[in-house]
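Participant: Please see the structure below; I have some questions.
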Amino acid sequence: PWHGLGIGPSPPHVVHAYIEITPFDLMKYEVDKFSGYMVVDRPQRTSSEPPALYGFIPRTYCRHRVGALMKGVRMGDGDPLDICVFSERPINRSEIILEARVVGGIPMVDGGMADDKIVAVLENDLVYKDVEDIRQLPEVVVERLIHYFTTYKLQPGHPGDSPPTVSVGEAYDRDHAHAVIEAAIQDYAEHFSREI
């Protein structure tokens with residue numbers, strides 16, 4: 001899914017999202033980068049469930065350009081760009097592709113590397129059809145996303161509120177999210193053109 005799918009119909013505004021986990025999953029699943037199969041990453045330690053569909057944007061890669069957009073960070077995390085997608089109707093299946101309209105993002109630093117979370121809405125969702133920027137989402141929805149990413153890496157046997165290597169900042173707007181996506185597309189083109 002990372003290399004075989006297209007970025008989307010009109011990036012960075014509307015992109016494809018490959019969904020790895022849903023708001024109903026208490027396990028953290030992710031695509032194995034080598035085989036393309038879905039694997040179990042870890043069970044969630046807390047009772048906090050993902051508040052949105054969660055996956056990645058195909059043909060993106062977070063390295064130098066993505067890292068340069070986050071203060072105090074030099075490098076992206078070496079993964080495709082993460083995306084959270086809101087849909088008014090429940091979608092309880094993962095391993096699906098959908099069109100997502102980008103509205104903003106959440107900056108996250110994990111182990112000293114940029115690990116941005118792009119925030120989007122389902123492109124043809126009638127309830128979210130007028131949402132163009134993250135500021136138009138209900139404040140509590142964004143708070144839930146920030147809380148989730150602050151706690152989702154907690155592991156059994158690791159006491160404390162959050163691993164010290166993870167920090168989550170305030171949400172940023174659509175324009176900055178577009179810049180992050182464009183940087184991730186360029187990072188992908190540079191990195192993977194060398195491997196061909």
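Each chain in the structure tokens gets a letter, A, B and so on, in the order shown; residues start at 1 in every chain, and ligands are counted from 1 in the order they appear.
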Mind checking which residues fall within 9 Å of Glu49 of chain A, counting only C-alpha atoms, ignoring those fewer than 6 positions away in the same chain, and posting them as a list of chain:residue names?

Facilitator: A:Thr22, A:Pro23, A:Phe24, A:Asp25, A:Leu26, A:Tyr148, A:Tyr152

Participant: Select from segment 14-158 of chain A everything DSSP, run on the backbone, classes as alpha helix (DSSP H), then give the selection as a list of chain:residue names.

Facilitator: A:His64, A:Arg65, A:Val66, A:Gly67, A:Ala68, A:Glu139, A:Val140, A:Val141, A:Val142, A:Glu143, A:Arg144, A:Leu145, A:Ile146, A:His147, A:Tyr148, A:Phe149, A:Thr150, A:Thr151

Participant: For those residues, write N, CA and C atoms to a file as a PDB file, in the first residue's frame.

Facilitator:
```pdb
ATOM      1  N   HIS A  64      14.279  14.564   5.740  1.00  0.00           N
ATOM      2  CA  HIS A  64      14.899  15.882   5.939  1.00  0.00           C
ATOM      3  C   HIS A  64      13.916  17.040   5.783  1.00  0.00           C
ATOM      4  N   ARG A  65      13.151  17.047   4.705  1.00  0.00           N
ATOM      5  CA  ARG A  65      12.257  18.178   4.444  1.00  0.00           C
ATOM      6  C   ARG A  65      11.149  18.265   5.489  1.00  0.00           C
ATOM      7  N   VAL A  66      10.600  17.121   5.873  1.00  0.00           N
ATOM      8  CA  VAL A  66       9.557  17.113   6.903  1.00  0.00           C
ATOM      9  C   VAL A  66      10.142  17.557   8.245  1.00  0.00           C
ATOM     10  N   GLY A  67      11.313  17.057   8.580  1.00  0.00           N
ATOM     11  CA  GLY A  67      11.958  17.445   9.831  1.00  0.00           C
ATOM     12  C   GLY A  67      12.257  18.930   9.901  1.00  0.00           C
ATOM     13  N   ALA A  68      12.607  19.522   8.764  1.00  0.00           N
ATOM     14  CA  ALA A  68      12.945  20.947   8.727  1.00  0.00           C
ATOM     15  C   ALA A  68      11.748  21.840   9.040  1.00  0.00           C
ATOM     16  N   GLU A 139     -13.851  21.682  19.113  1.00  0.00           N
ATOM     17  CA  GLU A 139     -12.618  21.727  19.899  1.00  0.00           C
ATOM     18  C   GLU A 139     -12.349  20.417  20.626  1.00  0.00           C
ATOM     19  N   VAL A 140     -13.406  19.781  21.132  1.00  0.00           N
ATOM     20  CA  VAL A 140     -13.235  18.541  21.889  1.00  0.00           C
ATOM     21  C   VAL A 140     -12.704  17.416  21.001  1.00  0.00           C
ATOM     22  N   VAL A 141     -13.021  17.428  19.715  1.00  0.00           N
ATOM     23  CA  VAL A 141     -12.537  16.401  18.792  1.00  0.00           C
ATOM     24  C   VAL A 141     -11.017  16.506  18.651  1.00  0.00           C
ATOM     25  N   VAL A 142     -10.524  17.720  18.527  1.00  0.00           N
ATOM     26  CA  VAL A 142      -9.073  17.931  18.416  1.00  0.00           C
ATOM     27  C   VAL A 142      -8.393  17.583  19.740  1.00  0.00           C
ATOM     28  N   GLU A 143      -9.024  17.944  20.866  1.00  0.00           N
ATOM     29  CA  GLU A 143      -8.478  17.592  22.181  1.00  0.00           C
ATOM     30  C   GLU A 143      -8.343  16.086  22.331  1.00  0.00           C
ATOM     31  N   ARG A 144      -9.320  15.345  21.845  1.00  0.00           N
ATOM     32  CA  ARG A 144      -9.256  13.878  21.939  1.00  0.00           C
ATOM     33  C   ARG A 144      -8.092  13.316  21.137  1.00  0.00           C
ATOM     34  N   LEU A 145      -7.867  13.885  19.956  1.00  0.00           N
ATOM     35  CA  LEU A 145      -6.726  13.445  19.150  1.00  0.00           C
ATOM     36  C   LEU A 145      -5.411  13.695  19.882  1.00  0.00           C
ATOM     37  N   ILE A 146      -5.272  14.893  20.428  1.00  0.00           N
ATOM     38  CA  ILE A 146      -4.037  15.228  21.141  1.00  0.00           C
ATOM     39  C   ILE A 146      -3.847  14.312  22.340  1.00  0.00           C
ATOM     40  N   HIS A 147      -4.920  14.059  23.091  1.00  0.00           N
ATOM     41  CA  HIS A 147      -4.829  13.156  24.238  1.00  0.00           C
ATOM     42  C   HIS A 147      -4.438  11.745  23.790  1.00  0.00           C
ATOM     43  N   TYR A 148      -5.038  11.287  22.736  1.00  0.00           N
ATOM     44  CA  TYR A 148      -4.727   9.943  22.249  1.00  0.00           C
ATOM     45  C   TYR A 148      -3.239   9.819  21.906  1.00  0.00           C
ATOM     46  N   PHE A 149      -2.708  10.773  21.174  1.00  0.00           N
ATOM     47  CA  PHE A 149      -1.314  10.665  20.764  1.00  0.00           C
ATOM     48  C   PHE A 149      -0.345  10.929  21.912  1.00  0.00           C
ATOM     49  N   THR A 150      -0.819  11.582  22.962  1.00  0.00           N
ATOM     50  CA  THR A 150       0.005  11.756  24.150  1.00  0.00           C
ATOM     51  C   THR A 150       0.139  10.451  24.923  1.00  0.00           C
ATOM     52  N   THR A 151      -0.872   9.579  24.829  1.00  0.00           N
ATOM     53  CA  THR A 151      -0.896   8.361  25.653  1.00  0.00           C
ATOM     54  C   THR A 151      -0.777   7.055  24.874  1.00  0.00           C
TER      55      THR A 151
END
```

Participant: Using only C-alpha atoms, which of A:Phe86, A:Ile97, A:Ser167, A:Ile91 sits nearest Tyr128 of chain A?

Facilitator: A:Phe86

Participant: Show which residues sit within 8 Å of His178 of chain A, as a PyMOL selection string. Count only C-alpha atoms, and ignore same-chain residues fewer than 5 positions away.

Facilitator: chain A and resi 12-13+102+104

Participant: Which is closer to Asp130 of chain A than all the others in A:Gly169, A:Asp110, A:Val103, A:Phe56, using only C-alpha atoms?

Facilitator: A:Val103

Participant: Just list as a count of residues only whatever in segment 94-145 of chain A DSSP marks as strand (DSSP E or B).

Facilitator: 22

Participant: Can you measure atom CA of Ser10 of chain A to atom CA of Glu170 of chain A for me? One decimal in Å is fine.

Facilitator: 26.4 Å

Participant: Can you tell me which residues surround Val73 of chain A at a distance of at most 9 Å, considering only C-alpha atoms, apart from same-chain residues fewer than 4 positions away, and format the answer as a PyMOL selection string?

Facilitator: chain A and resi 67-69+109+112-114

Participant: Tell me, in Å to one decimal, how far atom CA of Ala17 of chain A is from atom CA of Ala120 of chain A.

Facilitator: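 One can read the atom CA of Ala17 of chain A to atom CA of Ala120 of chain A distance as 9.4 Å.
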
Participant: Pick out the closest residue to Asp125 of chain A from this set: A:Ser87, A:Ser35, A:Thr60, A:Thr165. Count only C-alpha atoms.

Facilitator: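 The closest residue to Asp125 of chain A is A:Ser87.
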
Participant: For Ile118 of chain A, which of A:Met75, A:Ala171, A:Ile83, A:Val31 is the closest residue, counting only C-alpha atoms?

Facilitator: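 Closest residue, counting only C-alpha atoms: A:Ile83.
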
Participant: List as a list in words the protein and nucleic acid residues near Leu5 of chain A, meaning an atom at most 9 Å away when only C-alpha atoms are counted, but skip any in the same chain fewer than 5 places from it.

Facilitator: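 Answer for this query is His16, Tyr18, Pro58, Arg59 and Ile97 of chain A.
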
Participant: With N, CA and C atoms kept, could you save the residues just selected as a JSON list (two decimals), in the first residue's frame?

Facilitator:
```json
[["chain", "number", "residue", "atom", "x", "y", "z"],
["A", 16, "HIS", "N", -5.15, 10.30, -0.74],
["A", 16, "HIS", "CA", -5.58, 8.96, -0.36],
["A", 16, "HIS", "C", -5.09, 8.69, 1.06],
["A", 18, "TYR", "N", -4.64, 5.33, 3.49],
["A", 18, "TYR", "CA", -4.74, 3.89, 3.69],
["A", 18, "TYR", "C", -4.95, 3.68, 5.19],
["A", 58, "PRO", "N", -0.11, 7.25, 1.11],
["A", 58, "PRO", "CA", 0.85, 6.52, 0.27],
["A", 58, "PRO", "C", 1.83, 7.46, -0.44],
["A", 59, "ARG", "N", 2.99, 6.90, -0.75],
["A", 59, "ARG", "CA", 4.04, 7.61, -1.50],
["A", 59, "ARG", "C", 4.49, 8.91, -0.84],
["A", 97, "ILE", "N", -8.96, 2.11, 1.46],
["A", 97, "ILE", "CA", -8.44, 3.36, 0.93],
["A", 97, "ILE", "C", -9.61, 4.33, 0.84]]
```

Participant: Compile the contact shell of Val14 of chain A as JSON, numbers by chain: residues with an atom at most 7 Å away, counting only C-alpha atoms, same-chain residues fewer than 3 positions apart removed.

Facilitator: {"A": [8, 9, 10, 11, 99, 100, 101, 102]}

Participant: So how far away is atom CA of Ala184 of chain A from atom CA of Gly55 of chain A, in Å?

Facilitator: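 Atom-to-atom, atom CA of Gly55 of chain A and atom CA of Ala184 of chain A are spaced 14.9 Å apart.
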
Participant: Name the closest residue to Gly6 of chain A among the candidates A:Gly72, A:Asp79, A:Val40, A:Leu98; distances are taken between atoms, counting only C-alpha atoms.

Facilitator: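 Closest candidate: A:Leu98.
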
Participant: Find the residues around Val39 of chain A up to 8 Å (only C-alpha atoms counted), leave out those fewer than 6 positions away in its own chain, and share them as a list in words.

Facilitator: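 Surrounding residues, per the criterion: Tyr29, Glu30, Val31 and Asp32 of chain A.
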
Participant: Those residues you just picked out, can you put them in a file as a CSV table (one decimal), in the first residue's frame with N, CA and C atoms?

Facilitator:
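Final file, out-v7.csv:
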```csv
chain,number,residue,atom,x,y,z
A,29,TYR,N,-2.5,-1.6,15.0
A,29,TYR,CA,-2.0,-2.3,13.8
A,29,TYR,C,-1.2,-1.4,12.9
A,30,GLU,N,-0.3,-1.9,12.1
A,30,GLU,CA,0.3,-1.1,11.1
A,30,GLU,C,0.8,-2.0,9.9
A,31,VAL,N,1.0,-1.4,8.8
A,31,VAL,CA,1.5,-2.1,7.6
A,31,VAL,C,3.0,-2.4,7.8
A,32,ASP,N,3.4,-3.7,7.6
A,32,ASP,CA,4.8,-4.0,7.6
A,32,ASP,C,5.4,-3.4,6.4
```
